[in-house]
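Have a look at start_38.tsv; it's TSV, C-alpha atoms and all ligand atoms:
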chain	number	residue	atom	x	y	z
Q	1	MET	CA	21.20	-0.39	4.09
Q	2	ILE	CA	23.71	-0.36	6.92
Q	3	GLU	CA	24.88	3.21	6.21
Q	4	LYS	CA	21.48	4.67	7.11
Q	5	ILE	CA	21.37	2.79	10.39
Q	6	VAL	CA	24.90	3.80	11.28
Q	7	LYS	CA	24.10	7.44	10.51
Q	8	GLN	CA	21.08	7.56	12.80
Q	9	SER	CA	22.53	5.52	15.69
Q	10	ASP	CA	24.82	6.26	18.63
Q	11	HIS	CA	28.19	4.54	18.86
Q	12	PHE	CA	28.68	1.90	21.54
Q	13	LEU	CA	30.70	2.91	24.57
Q	14	PRO	CA	34.34	1.70	24.55
Q	15	ASN	CA	34.76	-1.96	25.63
Q	16	SER	CA	31.24	-2.91	24.59
Q	17	LYS	CA	31.02	-6.60	23.78
Q	18	MET	CA	27.95	-8.21	22.19
Q	19	ILE	CA	27.07	-11.88	21.99
Q	20	ILE	CA	24.44	-12.95	19.46
Q	21	PHE	CA	22.85	-16.37	19.82
Q	22	GLY	CA	21.58	-17.41	16.39
Q	23	GLY	CA	23.49	-15.50	13.72
Q	24	GLY	CA	20.94	-16.19	10.99
Q	25	PHE	CA	19.16	-13.61	8.87
Q	26	SER	CA	18.47	-11.00	11.57
Q	27	GLY	CA	21.44	-11.95	13.75
Q	28	GLN	CA	24.00	-11.30	11.01
Q	29	HIS	CA	22.53	-7.90	10.26
Q	30	ILE	CA	22.50	-6.88	13.91
Q	31	ALA	CA	26.12	-8.07	14.14
Q	32	ALA	CA	27.23	-6.07	11.10
Q	33	VAL	CA	25.62	-2.87	12.37
Q	34	SER	CA	26.93	-3.30	15.91
Q	35	ARG	CA	30.48	-3.82	14.63
Q	36	ARG	CA	30.24	-0.65	12.56
Q	37	LEU	CA	29.14	1.18	15.70
Q	38	GLY	CA	32.17	0.03	17.64
Q	39	ALA	CA	31.11	-3.10	19.53
Q	40	GLN	CA	33.10	-6.31	19.57
Q	41	VAL	CA	30.62	-8.95	18.39
Q	42	PHE	CA	30.51	-12.76	18.59
Q	43	CYS	CA	27.81	-14.64	16.71
Q	44	SER	CA	26.75	-18.27	17.11
Q	45	ARG	CA	25.65	-20.70	14.43
Q	46	ARG	CA	25.07	-24.42	14.69
Q	47	ARG	CA	28.07	-25.22	12.53
Q	48	ILE	CA	31.34	-23.34	12.42
Q	49	GLU	CA	31.50	-23.57	8.60
Q	50	LYS	CA	28.38	-21.39	8.24
Q	51	PRO	CA	28.96	-17.78	7.16
Q	52	GLY	CA	29.48	-15.39	10.04
Q	53	ALA	CA	29.93	-18.10	12.70
Q	54	ASP	CA	32.28	-16.93	15.46
Q	55	PHE	CA	31.44	-19.87	17.73
Q	56	VAL	CA	29.18	-22.92	17.77
Q	57	PHE	CA	26.03	-23.08	19.81
Q	58	ASP	CA	23.65	-25.95	19.11
Q	59	SER	CA	21.07	-26.97	21.67
Q	60	GLU	CA	21.13	-30.54	20.32
Q	61	ARG	CA	24.80	-30.93	21.12
Q	62	GLU	CA	24.84	-28.70	24.18
Q	63	ASP	CA	28.08	-27.09	23.04
Q	64	VAL	CA	29.00	-24.35	25.49
Q	65	PRO	CA	30.85	-21.30	24.13
Q	66	PRO	CA	34.43	-20.89	25.39
Q	67	GLN	CA	34.65	-18.79	28.57
Q	68	LYS	CA	36.75	-16.15	26.78
Q	69	ILE	CA	33.74	-15.39	24.56
Q	70	LEU	CA	31.39	-15.08	27.53
Q	71	ASP	CA	33.75	-12.94	29.61
Q	72	GLY	CA	32.88	-9.24	29.74
Q	73	VAL	CA	29.75	-9.42	27.57
Q	74	THR	CA	27.78	-6.17	27.94
Q	75	HIS	CA	25.06	-6.77	25.32
Q	76	LEU	CA	23.23	-9.96	24.35
Q	77	VAL	CA	20.76	-10.75	21.58
Q	78	SER	CA	18.95	-14.07	21.22
Q	79	CYS	CA	17.46	-14.91	17.83
Q	80	ILE	CA	16.97	-18.63	18.52
Q	81	PRO	CA	13.41	-19.98	18.49
Q	82	PRO	CA	11.98	-22.15	21.29
Q	83	LEU	CA	12.65	-25.87	21.41
Q	84	GLU	CA	9.78	-28.26	20.63
Q	85	ASN	CA	9.20	-28.69	24.38
Q	86	GLY	CA	8.71	-24.93	24.81
Q	87	ILE	CA	12.03	-24.40	26.60
Q	88	ASP	CA	14.39	-21.64	25.55
Q	89	PRO	CA	17.65	-23.29	24.45
Q	90	VAL	CA	19.91	-20.42	25.47
Q	91	LEU	CA	18.48	-20.14	28.97
Q	92	GLN	CA	18.39	-23.89	29.41
Q	93	ILE	CA	22.02	-24.47	28.54
Q	94	LEU	CA	23.66	-21.20	29.57
Q	95	GLY	CA	21.26	-19.54	32.01
Q	96	ASP	CA	23.58	-19.50	35.01
Q	97	LYS	CA	26.62	-18.43	33.00
Q	98	LEU	CA	24.68	-15.54	31.42
Q	99	LYS	CA	23.81	-14.20	34.85
Q	100	GLU	CA	27.51	-13.79	35.62
Q	101	MET	CA	28.01	-11.41	32.69
Q	102	PRO	CA	28.19	-7.64	33.23
Q	103	LEU	CA	25.14	-7.21	30.98
Q	104	LYS	CA	23.75	-3.75	30.35
Q	105	TRP	CA	21.15	-4.86	27.82
Q	106	ALA	CA	19.68	-8.07	26.44
Q	107	GLY	CA	17.17	-8.46	23.61
Q	108	TYR	CA	15.03	-11.51	22.91
Q	109	LEU	CA	13.61	-11.72	19.39
Q	110	SER	CA	10.05	-13.01	19.77
Q	111	THR	CA	7.02	-13.00	17.48
Q	112	THR	CA	3.72	-11.16	17.31
Q	113	GLY	CA	2.16	-14.64	17.05
Q	114	VAL	CA	1.87	-14.45	20.86
Q	115	TYR	CA	-1.07	-12.05	20.42
Q	116	GLY	CA	-3.09	-14.73	18.60
Q	117	ASN	CA	-5.87	-13.96	16.14
Q	118	ARG	CA	-7.46	-10.50	16.48
Q	119	ASN	CA	-9.73	-10.63	13.41
Q	120	GLY	CA	-7.80	-7.83	11.73
Q	121	GLY	CA	-7.63	-5.57	14.81
Q	122	TRP	CA	-4.53	-3.74	16.08
Q	123	VAL	CA	-2.33	-5.32	18.72
Q	124	ARG	CA	-0.40	-3.28	21.27
Q	125	GLU	CA	2.10	-4.31	23.92
Q	126	LYS	CA	-0.42	-3.75	26.70
Q	127	ASP	CA	-2.82	-6.32	25.14
Q	128	ILE	CA	-2.90	-9.63	26.94
Q	129	PRO	CA	-1.34	-12.32	24.72
Q	130	LYS	CA	-3.79	-15.00	23.57
Q	131	PRO	CA	-1.66	-17.43	21.57
Q	132	LYS	CA	-3.57	-20.27	19.93
Q	133	GLN	CA	-0.90	-21.92	17.77
Q	134	ALA	CA	1.34	-24.38	19.61
Q	135	ARG	CA	4.48	-22.55	18.45
Q	136	SER	CA	3.15	-19.23	19.79
Q	137	ILE	CA	2.30	-20.83	23.14
Q	138	ARG	CA	5.91	-22.06	23.30
Q	139	ARG	CA	7.13	-18.59	22.35
Q	140	LEU	CA	5.18	-16.94	25.13
Q	141	ALA	CA	6.68	-19.41	27.61
Q	142	CYS	CA	10.17	-18.38	26.40
Q	143	GLU	CA	9.34	-14.68	26.70
Q	144	GLU	CA	8.27	-15.30	30.28
Q	145	ALA	CA	11.46	-17.23	31.03
Q	146	TRP	CA	13.62	-14.40	29.67
Q	147	LEU	CA	11.67	-11.81	31.66
Q	148	ALA	CA	12.06	-13.90	34.81
Q	149	SER	CA	15.80	-14.42	34.24
Q	150	GLY	CA	16.85	-11.34	36.20
Q	151	MET	CA	18.79	-10.05	33.18
Q	152	PRO	CA	18.05	-6.56	31.74
Q	153	VAL	CA	15.90	-8.06	28.98
Q	154	GLN	CA	13.68	-6.42	26.42
Q	155	ILE	CA	11.28	-8.64	24.48
Q	156	LEU	CA	11.09	-7.58	20.85
Q	157	ARG	CA	7.93	-8.87	19.16
Q	158	LEU	CA	8.37	-9.21	15.41
Q	159	PRO	CA	5.91	-9.81	12.57
Q	160	GLY	CA	7.13	-11.11	9.16
Q	161	ILE	CA	10.84	-10.38	8.76
Q	162	TYR	CA	12.14	-9.49	5.31
Q	163	GLY	CA	15.19	-7.93	3.71
Q	164	PRO	CA	17.62	-8.36	0.82
Q	165	GLY	CA	17.68	-12.00	-0.27
Q	166	ARG	CA	14.55	-12.92	1.69
Q	167	SER	CA	11.51	-11.01	0.50
Q	168	THR	CA	8.47	-11.15	-1.77
Q	169	LEU	CA	10.84	-10.54	-4.69
Q	170	GLU	CA	12.14	-14.09	-4.26
Q	171	ALA	CA	8.55	-15.40	-4.13
Q	172	ILE	CA	7.73	-13.66	-7.43
Q	173	LYS	CA	10.89	-14.99	-9.09
Q	174	LYS	CA	10.00	-18.59	-8.22
Q	175	LYS	CA	8.44	-20.59	-11.02
Q	176	ASN	CA	4.85	-21.73	-10.39
Q	177	SER	CA	4.33	-19.18	-7.62
Q	178	LYS	CA	0.74	-18.14	-6.91
Q	179	ILE	CA	-0.77	-15.22	-5.09
Q	180	VAL	CA	-3.18	-16.13	-2.35
Q	181	ASP	CA	-6.12	-13.77	-2.12
Q	182	LYS	CA	-8.02	-13.59	1.15
Q	183	PRO	CA	-10.00	-10.35	1.28
Q	184	GLY	CA	-9.66	-8.53	4.60
Q	185	GLN	CA	-6.48	-10.42	5.57
Q	186	VAL	CA	-3.44	-8.28	6.26
Q	187	PHE	CA	0.09	-9.00	7.50
Q	188	SER	CA	2.48	-6.73	9.32
Q	189	ARG	CA	6.16	-6.71	8.43
Q	190	ILE	CA	9.55	-5.46	9.52
Q	191	HIS	CA	12.64	-4.94	7.38
Q	192	ILE	CA	15.91	-6.19	8.90
Q	193	ASP	CA	17.33	-2.64	8.73
Q	194	ASP	CA	14.65	-1.62	11.20
Q	195	ILE	CA	15.26	-4.63	13.45
Q	196	ALA	CA	18.91	-3.60	13.73
Q	197	GLY	CA	18.11	0.14	13.81
Q	198	ALA	CA	15.48	-0.25	16.53
Q	199	ILE	CA	17.85	-2.38	18.62
Q	200	MET	CA	20.54	0.32	18.39
Q	201	HIS	CA	17.94	2.90	19.42
Q	202	LEU	CA	16.76	0.81	22.38
Q	203	ILE	CA	20.34	0.28	23.52
Q	204	SER	CA	20.96	4.03	23.41
Q	205	LEU	CA	17.92	4.62	25.66
Q	206	ILE	CA	19.41	2.61	28.53
Q	207	SER	CA	21.58	5.58	29.48
Q	208	LYS	CA	18.35	7.57	29.94
Q	209	ASP	CA	16.95	4.74	32.06
Q	210	ILE	CA	14.21	4.04	29.49
Q	211	HIS	CA	13.71	0.31	29.28
Q	212	PRO	CA	10.17	-0.94	28.57
Q	213	LYS	CA	9.97	-4.71	28.85
Q	214	ILE	CA	8.03	-5.48	25.66
Q	215	ILE	CA	8.21	-3.67	22.32
Q	216	ASN	CA	6.59	-4.42	18.97
Q	217	LEU	CA	8.91	-3.86	16.01
Q	218	ALA	CA	6.70	-3.36	12.95
Q	219	ASP	CA	6.37	-0.92	10.07
Q	220	ASP	CA	3.53	1.58	9.66
Q	221	LEU	CA	1.55	-0.25	7.03
Q	222	PRO	CA	0.05	-3.70	7.49
Q	223	ALA	CA	-0.89	-4.82	3.98
Q	224	SER	CA	-2.42	-7.73	2.09
Q	225	ASN	CA	-0.35	-10.38	0.37
Q	226	LEU	CA	-1.89	-9.29	-2.95
Q	227	GLU	CA	-0.79	-5.63	-2.60
Q	228	VAL	CA	2.76	-6.60	-1.69
Q	229	MET	CA	3.07	-9.17	-4.47
Q	230	GLU	CA	1.71	-6.65	-7.00
Q	231	TYR	CA	4.34	-4.12	-6.00
Q	232	ALA	CA	7.14	-6.70	-6.06
Q	233	ALA	CA	6.13	-7.85	-9.56
Q	234	LYS	CA	6.09	-4.23	-10.75
Q	235	LEU	CA	9.60	-3.64	-9.38
Q	236	LEU	CA	10.86	-6.74	-11.18
Q	237	GLY	CA	9.02	-5.86	-14.38
Q	238	GLN	CA	7.37	-9.29	-14.29
Q	239	ASN	CA	3.81	-10.37	-14.80
Q	240	LEU	CA	1.83	-11.01	-11.67
Q	241	PRO	CA	1.63	-14.75	-10.87
Q	242	PRO	CA	-1.89	-16.19	-11.03
Q	243	VAL	CA	-4.15	-15.21	-8.17
Q	244	GLU	CA	-5.80	-18.05	-6.26
Q	245	LYS	CA	-8.67	-17.69	-3.80
Q	246	PHE	CA	-7.72	-18.62	-0.24
Q	247	ASP	CA	-10.29	-21.43	0.09
Q	248	LEU	CA	-8.73	-23.27	-2.84
Q	249	ALA	CA	-5.11	-22.45	-1.92
Q	250	ALA	CA	-5.67	-23.58	1.68
Q	251	LYS	CA	-6.29	-27.15	0.55
Q	252	LYS	CA	-2.69	-27.40	-0.68
Q	253	MET	CA	-0.96	-25.45	2.10
Q	254	SER	CA	1.38	-26.97	4.68
Q	255	PRO	CA	0.01	-26.82	8.25
Q	256	MET	CA	2.64	-24.12	8.99
Q	257	ALA	CA	1.61	-21.91	6.03
Q	258	LEU	CA	-2.05	-22.42	6.85
Q	259	SER	CA	-1.51	-21.35	10.45
Q	260	PHE	CA	-0.23	-17.94	9.27
Q	261	TRP	CA	-3.39	-17.38	7.24
Q	262	GLN	CA	-5.63	-18.36	10.14
Q	263	GLU	CA	-4.59	-15.32	12.17
Q	264	ASN	CA	-5.27	-11.73	11.22
Q	265	ARG	CA	-3.91	-8.74	13.11
Q	266	LYS	CA	-2.25	-5.38	12.59
Q	267	VAL	CA	0.81	-4.74	14.74
Q	268	SER	CA	0.99	-1.29	16.32
Q	269	ASN	CA	4.40	0.41	16.47
Q	270	GLN	CA	3.21	3.35	18.58
Q	271	VAL	CA	5.42	2.49	21.54
Q	272	LEU	CA	8.57	2.19	19.41
Q	273	CYS	CA	7.96	5.12	17.09
Q	274	ASN	CA	5.92	7.57	19.19
Q	275	ASP	CA	6.75	6.88	22.83
Q	276	LEU	CA	10.40	5.88	22.28
Q	277	GLY	CA	11.07	8.11	19.25
Q	278	TYR	CA	12.48	5.61	16.75
Q	279	SER	CA	12.38	6.69	13.06
Q	280	LEU	CA	11.71	3.79	10.74
Q	281	ILE	CA	14.12	3.41	7.82
Q	282	HIS	CA	11.43	1.53	5.87
Q	283	PRO	CA	8.01	2.74	7.04
Q	284	ASP	CA	6.20	0.51	4.54
Q	285	TYR	CA	6.68	-2.45	2.21
Q	286	LYS	CA	7.30	-0.18	-0.80
Q	287	SER	CA	10.36	1.41	0.78
Q	288	GLY	CA	11.56	-1.97	2.06
Q	289	LEU	CA	11.08	-3.82	-1.22
Q	290	LYS	CA	12.80	-1.04	-3.17
Q	291	ASP	CA	15.80	-1.56	-0.90
Q	292	CYS	CA	15.67	-5.34	-1.52
Q	293	PHE	CA	15.45	-4.70	-5.25
Q	294	LEU	CA	18.42	-2.31	-5.26
Q	295	SER	CA	20.51	-4.71	-3.13
Q	296	GLN	CA	20.09	-7.63	-5.59
F	1	LIG	N1	11.30	-15.10	9.91
F	1	LIG	C1	10.25	-14.41	10.34
F	1	LIG	O1	9.46	-13.87	9.55
F	1	LIG	C2	10.06	-14.24	11.83
F	1	LIG	C3	8.98	-13.48	12.27
F	1	LIG	C4	8.85	-13.25	13.62
F	1	LIG	C5	9.78	-13.77	14.53
F	1	LIG	N2	10.79	-14.55	14.06
F	1	LIG	C6	11.75	-15.06	15.05
F	1	LIG	O2	12.78	-14.10	15.18
F	1	LIG	C7	14.04	-14.75	15.38
F	1	LIG	C8	15.00	-14.36	14.27
F	1	LIG	O3	14.42	-14.67	13.03
F	1	LIG	P1	15.32	-14.93	11.73
F	1	LIG	O4	14.37	-15.08	10.61
F	1	LIG	O5	16.42	-13.96	11.67
F	1	LIG	O6	15.89	-16.37	12.12
F	1	LIG	P2	16.84	-17.37	11.30
F	1	LIG	O7	17.47	-16.72	10.14
F	1	LIG	O8	16.05	-18.61	11.07
F	1	LIG	O9	17.96	-17.65	12.41
F	1	LIG	C9	17.69	-18.43	13.52
F	1	LIG	C10	19.01	-18.70	14.21
F	1	LIG	O10	18.78	-19.58	15.30
F	1	LIG	C11	19.72	-20.64	15.23
F	1	LIG	N3	19.10	-21.83	15.82
F	1	LIG	C12	17.92	-22.37	15.51
F	1	LIG	N4	17.67	-23.43	16.29
F	1	LIG	C13	18.74	-23.57	17.10
F	1	LIG	C14	19.07	-24.47	18.13
F	1	LIG	N5	18.24	-25.47	18.47
F	1	LIG	N6	20.26	-24.33	18.76
F	1	LIG	C15	21.10	-23.32	18.41
F	1	LIG	N7	20.83	-22.43	17.45
F	1	LIG	C16	19.66	-22.55	16.80
F	1	LIG	C17	20.03	-20.81	13.76
F	1	LIG	O11	21.28	-21.46	13.62
F	1	LIG	P3	21.99	-21.61	12.18
F	1	LIG	O12	22.56	-20.27	11.86
F	1	LIG	O13	23.03	-22.63	12.37
F	1	LIG	O14	20.91	-22.02	11.23
F	1	LIG	C18	20.03	-19.36	13.29
F	1	LIG	O15	21.29	-18.77	13.49
F	1	LIG	C19	13.74	-16.25	15.42
F	1	LIG	O16	13.54	-16.64	16.75
F	1	LIG	C20	12.44	-16.35	14.65
F	1	LIG	O17	11.68	-17.49	15.02
F	1	LIG	C21	10.96	-14.78	12.73

Starting from the file, give its structure as structure tokens.
Ligand SMILES: NC(=O)c1ccc[n+]([C@@H]2O[C@H](COP(=O)([O-])OP(=O)(O)OC[C@H]3O[C@@H](n4cnc5c(N)ncnc54)[C@H](OP(=O)(O)O)[C@@H]3O)[C@@H](O)[C@H]2O)c1
Amino acid sequence: MIEKIVKQSDHFLPNSKMIIFGGGFSGQHIAAVSRRLGAQVFCSRRRIEKPGADFVFDSEREDVPPQKILDGVTHLVSCIPPLENGIDPVLQILGDKLKEMPLKWAGYLSTTGVYGNRNGGWVREKDIPKPKQARSIRRLACEEAWLASGMPVQILRLPGIYGPGRSTLEAIKKKNSKIVDKPGQVFSRIHIDDIAGAIMHLISLISKDIHPKIINLADDLPASNLEVMEYAAKLLGQNLPPVEKFDLAAKKMSPMALSFWQENRKVSNQVLCNDLGYSLIHPDYKSGLKDCFLSQ
């Protein structure tokens, strides 16, 4: 809920201008909140007809945003995943132009996949990344490129992103959905309100010269797929879909889905919430799913 984020966040300074590369699910929410807090915001999508597109940026076509959009940008967010070759599309196409901007803050949305499998253990920012999946190896390469760019970048490592319109509620509503049960397996999550809220908080800390390079954005309660599905079904007043043991379900999973189940870790938010003082809007999946349910 944008109101809660706006209430707990500082306004941008006058003449703040934000550019968001990849105005998808998270990007649009960050844009909406930033506008409410006084920033001028420009969001890219790959086609201008898509909702919320202020300009086109598509690595396949190498479209470069008009100079008037790049001029005077003070804040930048990149939500675009790595290319298949492991290169970051924004840095590859616009790297030199970005360095000319009067940037005060830049955020790169990454994934906690860079930590690799930890057999259910906690992962913290100080842990050395051990990515095993090809996409996480590419992601780590992009993190490193952003950190080496010379821009005032913070790497934001995200677990499963959810929010209104994209949550377990949609999975329950689907016909023929099944619940995969893998005892001991948990997933961490973050609601889009807390992605936007945490970004506003991190931006406000620049004036205090607090700018850690890498921050996990996760809620307080890693939980199993079964627990979350049970709660979502209860909210919807629907019967729980059939539960299927992982070993059987795995045989029918896409390689991408399977790769998520092959890694098990809990994402610590101690740096964000304790050291940096951010208050989560949705500390657990129950709070977050209730919000998704009420926003339907
Ligand atoms: N979804 C998750 O659970 C999750 C978890 C951890 C981390 N992440 C990462 O966090 C970031 C934000 O996630 P999200 O779920 O908000 O992403 P999303 O909704 O999929 O949005 C991704 C954005 O990137 C743009 N994009 C993709 N490939 C592009 C390319 N080659 N050139 C130009 N633009 C391109 C898309 O353009 P269009 O708008 O035209 O489609 C879209 O605006 C992504 O990097 C994602 O990989 C996601």

Could the centre and edge lengths of an axis-aligned box, enclosing all atoms of ligand LIG 1 (chain F) in the file with 5 Å extra on each side, be given in Å to one decimal as lines of an AutoDock Vina configuration file?
center_x = 15.9
center_y = -19.4
center_z = 14.2
size_x = 24.2
size_y = 22.2
size_z = 19.2

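For the set Q:Gly197, Q:Lys174, Q:Pro242, Q:Pro82, the residue with the smallest atom-to-atom gap to Arg139 in chain Q is Q:Pro82, counting all atoms listed in the file.
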
Point to revise | Environment of ligand LIG 1 (chain F) within 9 Å, counting only C-alpha atoms and all ligand atoms, reported as a PyMOL selection string | key: chain Q and resi 20-29+43-48+50-53+56-62+78-83+88-90+108-113+139+156-162+189-190+192

Extract, using all atoms listed in the file, all DNA, RNA and protein residues at most 10 Å from Ile128 in chain Q, discarding same-chain residues fewer than 4 positions from it, and format them as a PDB file with C-alpha atoms, in the frame of the given file.
ATOM      1  CA  VAL Q 114       1.870 -14.450  20.860  1.00  0.00           C
ATOM      2  CA  TYR Q 115      -1.070 -12.050  20.420  1.00  0.00           C
ATOM      3  CA  GLY Q 116      -3.090 -14.730  18.600  1.00  0.00           C
ATOM      4  CA  VAL Q 123      -2.330  -5.320  18.720  1.00  0.00           C
ATOM      5  CA  ARG Q 124      -0.400  -3.280  21.270  1.00  0.00           C
TER       6      ARG Q 124
END

Point to revise | Shell of 12 Å around Asp284 in chain Q, all atoms listed in the file, local chain residues under 2 positions omitted, as a PyMOL selection string | key: chain Q and resi 162+187-191+194+218-223+227-228+231+280-282+286-291
